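Asker: Quick one: the structure is below, and I'll ask about it shortly.
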Amino acid sequence: MKIEITIFIIIPLITIIFFFLPVNIKNMLKVDLSEFNIPTFYTAIFIHEDFSNHFLPNIIAYYLYTSLSYCFSKLSRKNIWFTINLYIFFLILPSIAYPLLICINKFYFHDKLPPSCGFSGIISALIGLTPISILAYLKNSKVLKQIDKPLISIFLASILLIPYIYRQPFIPITIIFLLIISIWINKENLKAIYKHIKKTAIQNFGLFFLTILSIPSYFIGILGMFPTQIVYNGSIRDIISHYLGWIIGFFLSYVFLKIDN
């Protein structure tokens, strides 16, 4: 029960308290990308610029993707696996992402980037964790024998969204080709998943709703994870944390899942 209290009460409460701090204190708690200040790596993730465009979307996304991953982890009896991933997201991700961002600011932007804040990098990791949690549940329920092939299809489909986000005039033909092959290889898995969803619609509507909600939520999360506007209200959106968060949430959680199995 302790992890539930931490996830759903303590972390949001800290974020709310930090949001109402005086502006001068909030500025001190942001990551100054021209210097190496380790404590701010962890305070900055709780700092948000405004309510409607930064704080509220992050809180909603945090609850959504945490709840989805938590529920599927609970169903597949992977509570410890979920907890380990969550600790990594909050403790390890900032210590990797911010030093990288500081180096990019120093050597590429010549210390011109504004301070960074927000925990959208954590949310990106939770978005990456969501499909792995679903696959873990499907394997535990004997719907899938293995999750490696479906994982590849999800990854390729995720990559295909990136050119659309940045309004590129072309979509990589190679990725489309690989995705089509991957879907073809996964045709039996897709049939098994379809039968399972159809079965849960009759026998367990709550689980059916959770499954149906999680699939579009993941891809909507991908679309929202890569902002086209990098600098907002004088602060830089920690885009490095977005990329790293998704990669860690997607691939590192998969590695841990393989070890756990």
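Chains: A, B, ... in order of the structure tokens. Residues: from 1 per chain. Ligands: from 1, in order shown.
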Thr15 in chain A: which residues within 12 Å, counting only C-alpha atoms, same-chain residues fewer than 2 positions away excluded, as a ChimeraX atom specification?

Answerer: /A:7-13,17-21,26,42-49,51,54-56,58-59,62,117-119

Asker: Leaving out Phe107 in chain A and any residue of its chain fewer than 6 positions from it, which residues lie within 12 Å of it when counting only C-alpha atoms, given as an MDAnalysis selection string?

Answerer: chainID A and resid 33:34 100:101 113

Asker: Grab the residues selected above and save them as a CSV table (one decimal), in the first residue's frame with C-alpha atoms.

Answerer:
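Just written: part-v6.csv:
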chain,number,residue,atom,x,y,z
A,33,LEU,CA,21.6,24.9,-17.9
A,34,SER,CA,24.8,27.0,-17.6
A,100,LEU,CA,23.1,15.9,-21.3
A,101,LEU,CA,21.0,19.0,-21.7
A,113,LEU,CA,19.1,28.2,-23.3

Asker: Choose the residue, out of A:Gly221, A:Leu144, A:Ser153, A:Gly206, that has the smallest atom-to-atom separation from Glu188 in chain A; count only C-alpha atoms.

Answerer: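 That would be A:Leu144, the residue with the smallest distance to Glu188 in chain A.
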
Asker: Identify all residues of range 25-256 of chain A in strand (DSSP E) (DSSP on the backbone) and supply them as a PyMOL selection string.

Answerer: chain A and resi 116-117+231-232+235-237

Asker: Between A:Ile222, A:Ala97, A:Leu210, A:Arg77, single out the one closest to Leu160 in chain A, counting only C-alpha atoms.

Answerer: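 Of A:Ile222, A:Ala97, A:Leu210, A:Arg77, the one nearest Leu160 in chain A, counting only C-alpha atoms, is A:Ile222.
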
Asker: Please, what distance in Å, to one decimal, runs between CA of Thr200 in chain A and CA of Ile3 in chain A?

Answerer: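 It comes out at 28.1 Å.
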
Asker: Record the distance separating CA of Ile185 in chain A and CA of Leu68 in chain A, expressed in Å with one decimal.

Answerer: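 CA of Leu68 in chain A lies at a distance of 27.0 Å from CA of Ile185 in chain A.
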
Asker: Could you check the closest approach to Cys71 in chain A for each of A:Ile88, A:Ile176, A:Ala136, A:Ile102 and tell me which residue wins, using only C-alpha atoms?

Answerer: A:Ala136

Asker: Show me, as a PyMOL selection string, the residues that have an atom within 6 Å of range 121-127 of chain A when counting only C-alpha atoms, minus same-chain residues fewer than 3 positions from it.

Answerer: chain A and resi 62+65+89+130+241-242+245-246+249

Asker: Looking at only C-alpha atoms, which of A:Val143, A:Asn85, A:Lys74, A:Ile212 is the one that sits closest to Lys191 in chain A?

Answerer: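 When distances to Lys191 in chain A are compared using only C-alpha atoms, the smallest one comes from A:Val143.
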
Asker: Just how far from CA of Tyr137 in chain A is CA of Ser120 in chain A, in Å to one decimal?

Answerer: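 That distance, rounded to one decimal, is 25.5 Å.
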
Asker: Taking the chain letters and numbering used in this document, name the residues of range 2-199 of chain A that DSSP puts in alpha helix (DSSP H), as an MDAnalysis selection string.

Answerer: chainID A and resid 2:5 11:19 23:29 38:43 56:75 79:91 93:107 120:140 148:165 173:185 187:199

Asker: Using only C-alpha atoms, which of A:Tyr63, A:Asn186, A:Pro131, A:Trp81 sits nearest Lys258 in chain A?

Answerer: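 Nearest candidate to Lys258 in chain A out of A:Tyr63, A:Asn186, A:Pro131, A:Trp81: A:Trp81.
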